[in-house]
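Visitor: What follows is the file coords08.txt, containing compact mmCIF, C-alpha atoms:
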# COMPACT_ATOMS: atom_id res chain seq x y z
CA MET A 1 24.45 13.42 -16.49
CA LYS A 2 24.67 9.81 -15.37
CA LEU A 3 21.45 8.30 -14.04
CA VAL A 4 21.63 5.03 -12.11
CA PHE A 5 18.56 2.88 -11.43
CA LEU A 6 19.39 0.62 -8.49
CA ASP A 7 16.24 -1.53 -8.35
CA LYS A 8 14.58 -1.12 -11.73
CA LYS A 9 12.76 -4.44 -11.45
CA THR A 10 10.47 -2.96 -8.77
CA ILE A 11 8.99 -0.65 -11.41
CA GLY A 12 8.24 -3.44 -13.88
CA ASP A 13 9.64 -4.76 -17.13
CA ASP A 14 6.65 -3.39 -19.03
CA MET A 15 7.56 0.27 -18.45
CA ASP A 16 9.00 2.49 -21.19
CA PHE A 17 12.25 4.13 -20.08
CA ALA A 18 12.83 6.07 -23.29
CA GLN A 19 12.26 9.45 -21.67
CA PHE A 20 15.09 8.77 -19.20
CA HIS A 21 17.55 7.97 -21.99
CA GLU A 22 16.93 11.47 -23.30
CA LEU A 23 18.27 12.91 -20.04
CA GLY A 24 21.72 11.39 -20.12
CA GLU A 25 23.64 8.15 -19.72
CA ILE A 26 21.51 5.45 -18.09
CA VAL A 27 22.75 2.50 -16.03
CA GLU A 28 20.14 0.01 -14.91
CA TYR A 29 20.30 -2.68 -12.24
CA ASP A 30 17.35 -4.97 -11.57
CA PHE A 31 18.22 -5.25 -7.88
CA THR A 32 20.97 -3.88 -5.67
CA SER A 33 21.93 -5.01 -2.19
CA PRO A 34 23.20 -2.40 0.31
CA GLU A 35 26.69 -3.87 -0.07
CA GLU A 36 26.62 -3.35 -3.84
CA VAL A 37 25.50 0.29 -3.72
CA PRO A 38 28.86 2.05 -3.15
CA ALA A 39 30.45 0.63 -6.29
CA ARG A 40 27.37 1.20 -8.43
CA VAL A 41 26.84 4.87 -7.51
CA SER A 42 30.46 6.03 -7.40
CA ASP A 43 30.15 8.17 -10.55
CA ALA A 44 26.39 8.79 -10.54
CA ASP A 45 24.85 12.27 -10.79
CA VAL A 46 21.31 11.02 -10.16
CA VAL A 47 20.29 7.84 -8.34
CA ILE A 48 16.80 6.39 -8.71
CA VAL A 49 15.70 3.93 -6.01
CA ASN A 50 12.60 2.34 -4.58
CA LYS A 51 13.57 0.39 -1.46
CA VAL A 52 17.37 0.56 -1.55
CA PRO A 53 18.72 2.30 1.59
CA VAL A 54 20.43 5.63 0.93
CA ASN A 55 22.75 6.63 3.76
CA ALA A 56 26.38 7.21 4.68
CA GLN A 57 27.19 3.52 4.39
CA THR A 58 25.74 3.12 0.90
CA ILE A 59 26.51 6.36 -0.97
CA HIS A 60 29.70 7.65 0.65
CA THR A 61 31.53 6.90 -2.61
CA ALA A 62 29.15 9.00 -4.71
CA GLN A 63 31.09 12.25 -4.84
CA LYS A 64 29.22 13.54 -7.92
CA LEU A 65 25.76 12.70 -6.61
CA LYS A 66 23.34 15.63 -6.83
CA LEU A 67 19.86 14.09 -6.69
CA VAL A 68 18.13 10.99 -5.29
CA CYS A 69 14.70 10.12 -6.68
CA VAL A 70 12.46 7.63 -4.89
CA THR A 71 10.00 5.79 -7.11
CA ALA A 72 7.48 5.73 -4.27
CA THR A 73 5.77 8.04 -1.82
CA GLY A 74 7.42 6.69 1.31
CA THR A 75 10.97 7.82 2.05
CA ASN A 76 11.86 5.70 5.09
CA ASN A 77 14.89 4.39 3.17
CA LEU A 78 16.50 7.84 2.97
CA ASP A 79 18.79 9.31 5.59
CA LYS A 80 17.64 12.86 4.97
CA ASP A 81 20.03 14.41 7.49
CA TYR A 82 22.99 12.84 5.73
CA LEU A 83 21.73 13.98 2.34
CA ALA A 84 21.31 17.52 3.68
CA GLU A 85 24.85 17.51 5.06
CA ARG A 86 26.16 16.64 1.62
CA GLY A 87 23.89 19.05 -0.22
CA ILE A 88 22.19 16.23 -2.10
CA GLU A 89 18.57 16.88 -3.00
CA TRP A 90 15.88 14.21 -2.95
CA ARG A 91 12.45 13.77 -4.46
CA ASN A 92 9.63 11.33 -3.89
CA ALA A 93 6.49 10.71 -5.93
CA ALA A 94 3.03 11.43 -4.55
CA GLY A 95 -0.44 11.04 -5.96
CA TYR A 96 0.45 8.66 -8.76
CA SER A 97 -1.39 5.64 -7.32
CA THR A 98 -4.50 7.14 -5.70
CA GLU A 99 -6.95 5.57 -8.14
CA SER A 100 -5.12 2.26 -8.17
CA VAL A 101 -5.05 1.88 -4.38
CA ALA A 102 -8.67 2.96 -4.03
CA GLN A 103 -9.70 0.40 -6.64
CA HIS A 104 -7.78 -2.37 -4.87
CA THR A 105 -9.39 -1.40 -1.58
CA PHE A 106 -12.81 -2.18 -2.99
CA ALA A 107 -11.58 -5.32 -4.74
CA MET A 108 -10.41 -6.66 -1.38
CA LEU A 109 -13.55 -5.58 0.42
CA PHE A 110 -15.98 -7.22 -1.98
CA TYR A 111 -13.90 -10.40 -2.22
CA LEU A 112 -14.23 -10.78 1.55
CA MET A 113 -17.69 -9.31 2.05
CA GLU A 114 -19.35 -11.43 -0.64
CA HIS A 115 -17.34 -14.62 0.07
CA LEU A 116 -16.27 -14.72 -3.57
CA ARG A 117 -13.60 -17.38 -3.03
CA TYR A 118 -16.26 -19.73 -1.60
CA TYR A 119 -18.72 -19.16 -4.44
CA ASP A 120 -16.05 -19.44 -7.14
CA ASP A 121 -14.87 -22.74 -5.66
CA TYR A 122 -18.45 -23.95 -5.26
CA VAL A 123 -19.07 -23.63 -8.98
CA LYS A 124 -15.66 -24.76 -10.23
CA GLU A 125 -15.68 -27.84 -7.99
CA GLY A 126 -18.90 -28.95 -9.70
CA HIS A 127 -21.34 -28.42 -6.84
CA TYR A 128 -23.57 -26.18 -8.96
CA VAL A 129 -23.94 -28.77 -11.69
CA ASN A 130 -27.46 -30.21 -11.46
CA ASP A 131 -27.93 -28.48 -8.11
CA VAL A 132 -31.36 -28.73 -6.47
CA MET A 133 -32.00 -24.98 -6.80
CA PHE A 134 -31.14 -22.19 -9.23
CA THR A 135 -29.35 -20.25 -6.49
CA HIS A 136 -27.02 -21.01 -3.60
CA PHE A 137 -26.27 -18.57 -0.82
CA ALA A 138 -25.01 -20.66 2.07
CA LYS A 139 -22.52 -17.92 2.85
CA THR A 140 -24.71 -14.90 3.50
CA PHE A 141 -23.47 -11.42 2.67
CA CYS A 142 -24.62 -7.85 3.18
CA GLN A 143 -24.83 -4.71 1.10
CA LEU A 144 -22.41 -1.85 1.55
CA THR A 145 -25.36 0.57 1.48
CA GLY A 146 -26.13 1.74 5.01
CA LYS A 147 -22.88 0.44 6.50
CA THR A 148 -20.44 2.63 8.42
CA TRP A 149 -16.95 2.82 6.96
CA GLY A 150 -14.17 4.05 9.24
CA ILE A 151 -11.06 5.39 7.55
CA ILE A 152 -7.72 5.75 9.31
CA GLY A 153 -5.73 8.34 7.38
CA LEU A 154 -7.77 10.77 5.31
CA GLY A 155 -5.18 11.78 2.77
CA ALA A 156 -5.71 11.66 -0.98
CA ILE A 157 -6.29 7.90 -1.01
CA GLY A 158 -8.50 7.93 2.08
CA ARG A 159 -10.64 10.69 0.61
CA ARG A 160 -10.99 8.83 -2.69
CA VAL A 161 -12.08 5.68 -0.86
CA ALA A 162 -14.58 7.76 1.12
CA GLU A 163 -15.95 9.30 -2.07
CA ILE A 164 -16.52 5.91 -3.70
CA ALA A 165 -17.92 4.37 -0.53
CA ARG A 166 -20.47 7.18 -0.33
CA LEU A 167 -21.61 6.33 -3.85
CA PHE A 168 -22.44 2.88 -2.53
CA GLY A 169 -24.44 4.49 0.27
CA ALA A 170 -21.97 4.01 3.12
CA GLU A 171 -21.59 6.45 6.00
CA ILE A 172 -18.04 7.71 6.53
CA LEU A 173 -16.11 8.27 9.75
CA TYR A 174 -12.42 8.99 9.96
CA TYR A 175 -9.64 9.17 12.52
CA SER A 176 -6.48 11.24 12.28
CA ALA A 177 -3.68 9.60 14.25
CA SER A 178 -1.66 12.82 14.16
CA GLY A 179 -4.55 14.90 15.50
CA ALA A 180 -4.82 17.05 12.38
CA PRO A 181 -7.76 19.51 12.26
CA GLU A 182 -11.08 18.16 11.00
CA GLN A 183 -11.48 18.16 7.24
CA SER A 184 -14.57 19.84 5.87
CA GLY A 185 -17.25 17.43 4.73
CA TYR A 186 -16.03 14.51 6.82
CA LEU A 187 -16.89 13.43 10.36
CA GLN A 188 -13.75 13.09 12.45
CA VAL A 189 -14.04 10.89 15.54
CA ASP A 190 -11.69 9.51 18.15
CA PHE A 191 -10.04 6.15 17.62
CA ASP A 192 -12.26 4.16 19.94
CA THR A 193 -15.44 5.56 18.40
CA LEU A 194 -14.27 4.68 14.91
CA LEU A 195 -13.49 1.11 15.92
CA ARG A 196 -16.74 0.58 17.81
CA LYS A 197 -19.06 2.04 15.19
CA SER A 198 -17.51 0.90 11.91
CA ASP A 199 -18.60 -2.10 9.86
CA ILE A 200 -15.50 -1.65 7.71
CA VAL A 201 -12.20 -0.17 8.90
CA SER A 202 -9.56 0.65 6.31
CA VAL A 203 -6.07 2.04 6.85
CA HIS A 204 -4.61 4.51 4.35
CA ALA A 205 -2.13 6.23 6.66
CA PRO A 206 1.66 6.57 6.45
CA LEU A 207 3.93 4.80 8.92
CA ASN A 208 5.12 7.18 11.63
CA THR A 209 5.31 7.51 15.40
CA TYR A 210 1.55 8.04 15.57
CA THR A 211 0.57 4.97 13.53
CA GLU A 212 3.17 2.30 14.24
CA GLY A 213 1.46 -0.55 16.10
CA LEU A 214 -1.81 1.38 16.15
CA MET A 215 -3.89 -1.68 15.29
CA ASN A 216 -3.01 -3.84 18.28
CA ALA A 217 -4.91 -6.34 20.41
CA CYS A 218 -6.91 -3.61 22.17
CA ALA A 219 -7.90 -2.08 18.85
CA PHE A 220 -9.13 -5.35 17.36
CA SER A 221 -11.01 -6.15 20.56
CA ALA A 222 -12.86 -2.85 20.24
CA MET A 223 -14.15 -3.67 16.76
CA GLN A 224 -17.48 -5.29 16.01
CA PRO A 225 -17.38 -9.08 15.45
CA HIS A 226 -18.90 -8.69 11.96
CA ALA A 227 -16.43 -5.97 10.93
CA ILE A 228 -13.97 -6.25 8.06
CA PHE A 229 -10.48 -4.75 8.45
CA LEU A 230 -8.35 -3.60 5.50
CA ASN A 231 -4.77 -2.35 5.56
CA LEU A 232 -3.53 -0.54 2.47
CA GLY A 233 -1.22 1.80 4.36
CA ARG A 234 1.95 0.29 5.80
CA GLY A 235 2.50 -3.12 7.35
CA PRO A 236 3.87 -2.12 10.77
CA ILE A 237 0.71 -0.13 11.50
CA VAL A 238 -0.75 -3.56 12.33
CA VAL A 239 0.48 -5.87 15.08
CA GLU A 240 0.18 -9.02 13.00
CA LYS A 241 0.04 -11.44 15.94
CA ALA A 242 -2.86 -9.43 17.35
CA LEU A 243 -4.67 -9.58 14.02
CA ALA A 244 -4.18 -13.33 13.72
CA ASP A 245 -5.46 -13.81 17.27
CA ALA A 246 -8.48 -11.59 16.57
CA LEU A 247 -9.40 -13.59 13.47
CA ASN A 248 -8.96 -16.92 15.24
CA ALA A 249 -11.04 -15.73 18.20
CA GLY A 250 -13.80 -14.30 15.99
CA LYS A 251 -13.30 -10.77 17.28
CA ILE A 252 -13.56 -9.53 13.69
CA ALA A 253 -15.06 -11.21 10.64
CA ALA A 254 -12.28 -10.85 8.08
CA ALA A 255 -9.19 -8.93 7.09
CA GLY A 256 -7.57 -7.89 3.83
CA LEU A 257 -3.92 -6.84 3.74
CA ASP A 258 -1.85 -5.50 0.87
CA VAL A 259 1.09 -4.62 3.12
CA LEU A 260 2.96 -6.64 5.75
CA CYS A 261 5.48 -5.95 8.48
CA GLN A 262 8.08 -7.88 6.50
CA GLU A 263 8.02 -7.89 2.71
CA PRO A 264 8.42 -10.42 1.18
CA MET A 265 6.47 -12.34 3.82
CA SER A 266 8.39 -13.94 6.66
CA PRO A 267 8.15 -17.76 6.90
CA ASP A 268 7.29 -17.38 10.59
CA SER A 269 4.61 -14.73 10.07
CA PRO A 270 1.81 -15.13 12.63
CA LEU A 271 -0.65 -14.57 9.80
CA LEU A 272 0.17 -18.04 8.50
CA GLY A 273 -1.42 -19.33 11.70
CA VAL A 274 -4.89 -18.01 10.87
CA GLN A 275 -7.07 -21.11 11.02
CA ASP A 276 -9.89 -20.13 8.66
CA LYS A 277 -7.99 -19.03 5.57
CA SER A 278 -11.16 -17.73 3.92
CA ARG A 279 -11.28 -14.90 6.45
CA LEU A 280 -7.87 -13.50 5.48
CA LEU A 281 -6.90 -12.10 2.09
CA ILE A 282 -3.29 -11.05 1.52
CA THR A 283 -1.99 -9.56 -1.72
CA PRO A 284 1.76 -8.98 -2.27
CA HIS A 285 1.89 -5.16 -2.09
CA ILE A 286 0.22 -4.66 -5.47
CA ALA A 287 -2.40 -1.98 -4.78
CA TRP A 288 -0.13 0.77 -6.12
CA ALA A 289 0.98 -1.14 -9.19
CA SER A 290 -1.65 -0.79 -11.90
CA LEU A 291 -0.22 -0.12 -15.36
CA GLU A 292 -1.58 3.41 -15.26
CA ALA A 293 -0.19 4.13 -11.80
CA ARG A 294 3.29 2.94 -12.72
CA THR A 295 3.18 5.00 -15.90
CA ASN A 296 2.19 8.04 -13.85
CA LEU A 297 5.08 7.28 -11.50
CA MET A 298 7.62 7.17 -14.33
CA ASN A 299 6.34 10.45 -15.75
CA ILE A 300 6.58 12.13 -12.34
CA VAL A 301 10.14 10.95 -11.73
CA ALA A 302 11.29 11.90 -15.23
CA GLY A 303 9.71 15.33 -14.78
CA GLN A 304 11.51 15.81 -11.47
CA ILE A 305 14.86 15.00 -13.05
CA LYS A 306 14.19 17.29 -16.03
CA GLU A 307 13.27 20.14 -13.69
CA PHE A 308 16.41 19.57 -11.63
CA ILE A 309 18.71 19.46 -14.66
CA ALA A 310 17.17 22.66 -16.02
CA ARG A 311 17.85 24.41 -12.72
CA ILE A 312 21.50 23.47 -12.19
Could the structure of this file be written out as structure tokens, please?

Guide:
Amino acid sequence: MKLVFLDKKTIGDDMDFAQFHELGEIVEYDFTSPEEVPARVSDADVVIVNKVPVNAQTIHTAQKLKLVCVTATGTNNLDKDYLAERGIEWRNAAGYSTESVAQHTFAMLFYLMEHLRYYDDYVKEGHYVNDVMFTHFAKTFCQLTGKTWGIIGLGAIGRRVAEIARLFGAEILYYSASGAPEQSGYLQVDFDTLLRKSDIVSVHAPLNTYTEGLMNACAFSAMQPHAIFLNLGRGPIVVEKALADALNAGKIAAAGLDVLCQEPMSPDSPLLGVQDKSRLLITPHIAWASLEARTNLMNIVAGQIKEFIARI
């Protein structure tokens, strides 16, 4: 079997690929453009990708191809109809990053809620040296206890966030964009109710026809002015111009984003126009990428390939 990694760099240089070398011949590319794919997969039995598009234009040369593995949960880059026509199976990885994304959700929340950038700068810039008082709390902050947390997308990650938030004493509401039946133990509400009642709103939903553009100008206008918004789902769920406008107009207090509509970030992103930078935290799509989560991911993908090889 010949296994071809088309964008290995997205998994990290610190990962151990030894278990894949036990499965057959391995060819590794750090990055692959769509134009480079046909030549690189022409004799591949298994292709492993993260963001590389897999469709008729990119893999038409791959006459031996039997399996495509995505080193992610999302599969928007796969033309599944084309793969089915050719009898090529595909796998994605789910559940590997639940703890990592939940942890990052709270890291973003507390950074914004407690104005940690301000207080860190206050001390490091020397303002605390010989200060007039032992404490300084010019930027007031609240406790999570007693707050209402609205979750959009109550999958594995959303439920884990809800579980942790409850330990802090928060009340949980959730909204299902697809209209799925209510989950036991959680209060499902309509979208408007969630926005109006929540002190924190976090997105943990996939990108689909129900969620694309969900957080638009009307949605941000419905939120409370002290509310914090977090997106750890997919970038296009948020209309970024609407979010920037809401922050500039004070319609919400702050926002934390780990995902953007264009990744890497576009130089003309409307988010760069947010006037008070302390109210916006953006991380470069790292919530999924803890060492443990990426190790889990590699084990899942290797297991999928082993299972496939044993079956053919």

Visitor: Taking into account only C-alpha atoms, which residue in the set A:Leu116, A:Ile164, A:Ile151, A:Met223 is nearest to Gln188 of chain A?

Guide: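 Of A:Leu116, A:Ile164, A:Ile151, A:Met223, the one nearest Gln188 of chain A is A:Ile151, counting only C-alpha atoms.
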
Visitor: Write out as a PDB file with C-alpha atoms, keeping the file's coordinate frame which residues come within 6 Å of segment 72-87 of chain A when counting only C-alpha atoms, dropping same-chain ones fewer than 3 positions away.

Guide:
ATOM      1  CA  PRO A  53      18.720   2.300   1.590  1.00  0.00           C
ATOM      2  CA  VAL A  54      20.430   5.630   0.930  1.00  0.00           C
ATOM      3  CA  ASN A  55      22.750   6.630   3.760  1.00  0.00           C
ATOM      4  CA  ASN A  92       9.630  11.330  -3.890  1.00  0.00           C
ATOM      5  CA  ALA A  93       6.490  10.710  -5.930  1.00  0.00           C
ATOM      6  CA  ALA A  94       3.030  11.430  -4.550  1.00  0.00           C
TER       7      ALA A  94
END

Visitor: Within 8 Å of Glu114 of chain A, counting only C-alpha atoms, which residues show up once you throw out same-chain ones fewer than 2 positions away? Write them as a list in words, please.

Guide: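 My list of contacting residues is Phe110, Tyr111, Leu112, Leu116, Thr140, Phe141 and Cys142 of chain A.
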
Visitor: Please list as a VMD selection string every residue within 8 Å of Glu171 of chain A, counting only C-alpha atoms and excluding residues in the same chain fewer than 3 positions away.

Guide: chain A and resid 146 to 149 165 to 166

Visitor: Residues near Gly24 of chain A, anyone? I mean within 12 Å using only C-alpha atoms, not counting same-chain ones fewer than 2 positions away, as JSON, numbers by chain.

Guide: {"A": [1, 2, 3, 4, 17, 18, 19, 20, 21, 22, 26, 27, 44, 45, 46, 302, 305, 306, 309]}

Visitor: Could you please determine the separation between atom CA of Ala227 of chain A and atom CA of Thr283 of chain A in Å, to one decimal place?

Guide: 19.5 Å

Visitor: So that I can check the surroundings of segment 10-14 of chain A, please list as a PyMOL selection string every protein, DNA and RNA residue that reaches within 9 Å of it, counting all atoms listed in the file and ignoring chain neighbours fewer than 2 positions away.

Guide: chain A and resi 7-8+16+30-31+50-51+71+289+291+294+297-298

Visitor: Between atom CA of Leu232 of chain A and atom CA of Ala253 of chain A, measure the distance and give it in Å to one decimal.

Guide: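 Computing the Euclidean distance for atom CA of Leu232 of chain A and atom CA of Ala253 of chain A yields 17.7 Å.
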
Visitor: Enter the distance from atom CA of His115 of chain A to atom CA of Arg279 of chain A, in Å, rounded to one decimal.

Guide: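 If I compute the distance from atom CA of His115 of chain A to atom CA of Arg279 of chain A, I get 8.8 Å.
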
Visitor: Pick the closest to Trp288 of chain A from A:Ala39, A:Leu272, A:Ala102, A:Ile300: which is it, counting all atoms listed in the file?

Guide: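 Among A:Ala39, A:Leu272, A:Ala102, A:Ile300, it is A:Ala102 that comes nearest to Trp288 of chain A.
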
Visitor: Take segment 168-200 of chain A, bring it up to N, CA and C atoms, and give me the output as a short mmCIF file (atom, residue, chain, number, x, y, z; two decimals), in the frame of the given file.

Guide:
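So selection.cif came out as:
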data_model
loop_
_atom_site.label_atom_id
_atom_site.label_comp_id
_atom_site.auth_asym_id
_atom_site.auth_seq_id
_atom_site.Cartn_x
_atom_site.Cartn_y
_atom_site.Cartn_z
N PHE A 168 -21.78 4.14 -2.86
CA PHE A 168 -22.44 2.88 -2.53
C PHE A 168 -23.44 3.05 -1.39
N GLY A 169 -23.50 4.24 -0.81
CA GLY A 169 -24.44 4.49 0.27
C GLY A 169 -23.89 4.27 1.66
N ALA A 170 -22.58 4.20 1.81
CA ALA A 170 -21.97 4.01 3.12
C ALA A 170 -21.83 5.35 3.84
N GLU A 171 -21.87 5.29 5.16
CA GLU A 171 -21.59 6.45 6.00
C GLU A 171 -20.10 6.44 6.34
N ILE A 172 -19.49 7.62 6.35
CA ILE A 172 -18.04 7.71 6.53
C ILE A 172 -17.68 8.37 7.86
N LEU A 173 -16.78 7.70 8.59
CA LEU A 173 -16.11 8.27 9.75
C LEU A 173 -14.62 8.24 9.47
N TYR A 174 -13.86 9.12 10.11
CA TYR A 174 -12.42 8.99 9.96
C TYR A 174 -11.70 9.40 11.23
N TYR A 175 -10.50 8.87 11.37
CA TYR A 175 -9.64 9.17 12.52
C TYR A 175 -8.29 9.64 12.01
N SER A 176 -7.81 10.73 12.60
CA SER A 176 -6.48 11.24 12.28
C SER A 176 -5.55 10.92 13.43
N ALA A 177 -4.60 10.01 13.19
CA ALA A 177 -3.68 9.60 14.25
C ALA A 177 -2.80 10.75 14.71
N SER A 178 -2.53 11.69 13.81
CA SER A 178 -1.66 12.82 14.16
C SER A 178 -2.41 13.96 14.84
N GLY A 179 -3.75 13.85 14.88
CA GLY A 179 -4.55 14.90 15.50
C GLY A 179 -4.73 16.12 14.62
N ALA A 180 -4.65 15.94 13.31
CA ALA A 180 -4.82 17.05 12.38
C ALA A 180 -6.24 17.62 12.49
N PRO A 181 -6.43 18.90 12.18
CA PRO A 181 -7.76 19.51 12.26
C PRO A 181 -8.76 18.78 11.37
N GLU A 182 -10.03 18.85 11.74
CA GLU A 182 -11.08 18.16 11.00
C GLU A 182 -11.18 18.69 9.58
N GLN A 183 -11.34 17.78 8.64
CA GLN A 183 -11.48 18.16 7.24
C GLN A 183 -12.95 18.40 6.93
N SER A 184 -13.20 19.46 6.21
CA SER A 184 -14.57 19.84 5.87
C SER A 184 -15.25 18.74 5.07
N GLY A 185 -16.48 18.43 5.45
CA GLY A 185 -17.25 17.43 4.73
C GLY A 185 -17.09 16.03 5.24
N TYR A 186 -16.27 15.83 6.27
CA TYR A 186 -16.03 14.51 6.82
C TYR A 186 -16.16 14.56 8.34
N LEU A 187 -16.70 13.51 8.92
CA LEU A 187 -16.89 13.43 10.36
C LEU A 187 -15.67 12.79 11.01
N GLN A 188 -14.92 13.60 11.74
CA GLN A 188 -13.75 13.09 12.45
C GLN A 188 -14.17 12.63 13.84
N VAL A 189 -13.71 11.44 14.23
CA VAL A 189 -14.04 10.89 15.54
C VAL A 189 -12.76 10.40 16.20
N ASP A 190 -12.86 10.08 17.48
CA ASP A 190 -11.69 9.51 18.15
C ASP A 190 -11.53 8.05 17.74
N PHE A 191 -10.40 7.49 18.07
CA PHE A 191 -10.04 6.15 17.62
C PHE A 191 -11.02 5.10 18.12
N ASP A 192 -11.36 5.15 19.37
CA ASP A 192 -12.26 4.16 19.94
C ASP A 192 -13.64 4.21 19.28
N THR A 193 -14.13 5.41 19.05
CA THR A 193 -15.44 5.56 18.40
C THR A 193 -15.43 4.96 17.01
N LEU A 194 -14.37 5.24 16.26
CA LEU A 194 -14.27 4.68 14.91
C LEU A 194 -14.30 3.16 14.95
N LEU A 195 -13.55 2.57 15.85
CA LEU A 195 -13.49 1.11 15.92
C LEU A 195 -14.82 0.51 16.33
N ARG A 196 -15.48 1.12 17.28
CA ARG A 196 -16.74 0.58 17.81
C ARG A 196 -17.90 0.70 16.83
N LYS A 197 -17.90 1.76 16.05
CA LYS A 197 -19.06 2.04 15.19
C LYS A 197 -18.92 1.54 13.76
N SER A 198 -17.74 1.19 13.34
CA SER A 198 -17.51 0.90 11.91
C SER A 198 -17.78 -0.56 11.58
N ASP A 199 -18.43 -0.76 10.43
CA ASP A 199 -18.60 -2.10 9.86
C ASP A 199 -17.39 -2.48 9.02
N ILE A 200 -16.75 -1.47 8.46
CA ILE A 200 -15.50 -1.65 7.71
C ILE A 200 -14.51 -0.63 8.26
#
